[in-house]
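Following: one structure in structure tokens, then a few remarks.
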Amino acid sequence: MCNSQNRYTYYRRYAFSAKRQVCIDRTQSSPGSAMKRNAKGLFRFLFFVLSKSAALAMSISPAVIVKPGSSWIQAAAESLDDHGFCLLSSSEADAPLIPPEVCRASCDEAAARLETLLQKVERRGVDRSDEFRFAEIVHRDGLRYDLPLEWNLVSADSASAFSELHSAMDSIARRVIDAVVARRGQTPLSTAMPAPIAGCVLSVPSAQEQQWHSDGDSEGLFNVFAPLVDLTTANGPTELRPGTHTGATSGFVQPRQAPLLSAGELLMFDYRCRHRGQANDSRECRPVAYVVYSTGAEARDGNFPDAATLAWD
Ligand SMILES: O=C(O)CCC(=O)C(=O)O
């Protein structure tokens, strides 16, 4: 389940391990001087206090999970604008943002499409573990496959589960982006704007950790990620560096965050925000559907530049 607890485990672990260390040391008869012991104790105490402060700072970070309610779109927009990302969830009482059956069907469709494409790739004499780039599938960063998908609202391909998924994502994301744009005093998204770019990244078991990167440096581009399975520390959730969308490299650096979203929840982040997919150490594939919105800037689709097609195979 996605809750604030999960996100702060890392910091709590540090706090508690510092505490445990102090207890262990008390049971040992150290030959060192009392002064040395006191200095060590002081250091550990400071470390414990600082770790606690870090946990507290995390727990009051405004980049919180936003749930439907009054002014939730505004809250999401503020987090996205100020911190470079926001998390959207539904409260227990509400219907999920994306129905579980839509996530399941999209997950199955993505997995089937991946397998079909990998078989085509292999018929070209390319191993599925090699790095490769085709118009329909890119393999990068060690077992992370990126499948571009049609924006199904445009093609109205109702046979695809992604049609419903995109429509659910769009109904929320567009409002949040409009609120960010309004905050920045810019023109709202029009319904006539070019279709967003859509796709699905599947990191299969043993997928490696990515390098930190941003997807571009232009303002006005936003990623929306919809994990199709629950994210766990084992299956490698996306990790973000809050605040890096502004290009600020000095001053207080906010702690990195790897939100453990449940399937059907959304992560929205500024294209410029530094992030990476973590390693998938689980036994299951971790598919994340994504949509890229632009409020004017051109999305640099460097992943699929003039790549050869597998369409005729
Ligand atoms: O796998 C992820 O969580 C992030 C993917 C990503 O950033 C990428 O493929 O460039």
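Simple scheme: letters A, B, ... for chains in structure tokens order, numbers from 1 for residues in each chain, numbers from 1 for ligands in the order shown.
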Selection near Thr232 of chain A, 12 Å with only C-alpha atoms, sequence-local residues under 3 positions removed, as a ChimeraX atom specification: /A:1-3,6-7,227,229,235-239,258-263,278-286
List every residue of segment 106-279 of chain A that DSSP, applied to the backbone of this structure, places in alpha helix (DSSP H), and write the result as a count of residues only. 45
All residues 9 Å or closer to Pro100 of chain A, only C-alpha atoms, same chain fewer than 5 positions away omitted, as a PyMOL selection string: chain A and resi 105+228+263-264
Counting only C-alpha atoms, which residue out of A:Arg104, A:His213, A:His139, A:His275 sits closest to Asp127 of chain A? A:His139
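As for atom CA of Leu118 of chain A and atom 5 (C, counted along the ligand's line) of ligand 1, they are spaced 18.9 Å apart.
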Tell me, as a list of chain:residue names, which residues lie within 8 Å of segment 306-312 of chain A, counting only C-alpha atoms; anything in the same chain fewer than 6 positions away does not count.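 Returned residues: A:Leu117, A:Lys120, A:Val121, A:Arg133, A:Phe134, A:Ala135, A:Glu136.
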Filtering to N, CA and C atoms, could you give me those residues as a PDB file, in the first residue's frame?
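Resulting contents of part28.pdb:
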```
ATOM      1  N   LEU A 117       6.958  -8.471 -29.511  1.00  0.00           N
ATOM      2  CA  LEU A 117       8.013  -7.645 -30.099  1.00  0.00           C
ATOM      3  C   LEU A 117       9.394  -8.269 -29.895  1.00  0.00           C
ATOM      4  N   LYS A 120       9.988 -10.808 -32.419  1.00  0.00           N
ATOM      5  CA  LYS A 120      10.329 -10.195 -33.721  1.00  0.00           C
ATOM      6  C   LYS A 120      11.789  -9.736 -33.721  1.00  0.00           C
ATOM      7  N   VAL A 121      12.197  -9.154 -32.610  1.00  0.00           N
ATOM      8  CA  VAL A 121      13.589  -8.683 -32.491  1.00  0.00           C
ATOM      9  C   VAL A 121      14.534  -9.868 -32.660  1.00  0.00           C
ATOM     10  N   ARG A 133      17.280  -0.605 -30.623  1.00  0.00           N
ATOM     11  CA  ARG A 133      16.356   0.503 -30.825  1.00  0.00           C
ATOM     12  C   ARG A 133      15.549   0.260 -32.083  1.00  0.00           C
ATOM     13  N   PHE A 134      14.296  -0.050 -31.955  1.00  0.00           N
ATOM     14  CA  PHE A 134      13.393  -0.119 -33.099  1.00  0.00           C
ATOM     15  C   PHE A 134      12.261   0.878 -32.833  1.00  0.00           C
ATOM     16  N   ALA A 135      11.508   1.154 -33.881  1.00  0.00           N
ATOM     17  CA  ALA A 135      10.435   2.142 -33.715  1.00  0.00           C
ATOM     18  C   ALA A 135       9.418   1.671 -32.674  1.00  0.00           C
ATOM     19  N   GLU A 136       9.252   0.367 -32.559  1.00  0.00           N
ATOM     20  CA  GLU A 136       8.215  -0.171 -31.671  1.00  0.00           C
ATOM     21  C   GLU A 136       8.722  -0.552 -30.289  1.00  0.00           C
TER      22      GLU A 136
END
```
Best match for closeness to Gly296 of chain A among A:Leu189, A:Ile177, A:Leu80, A:Leu153, counting only C-alpha atoms: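 With only C-alpha atoms as the atom set, the closest residue is A:Leu189.
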Using the chain letters and numbers from this document, which residues of segment 41-269 of chain A does DSSP assign to strand (DSSP E or B), as a ChimeraX atom specification? /A:65-66,85-88,132-134,138-140,144-149,197-203,213,221-227,238-240,257,266-269
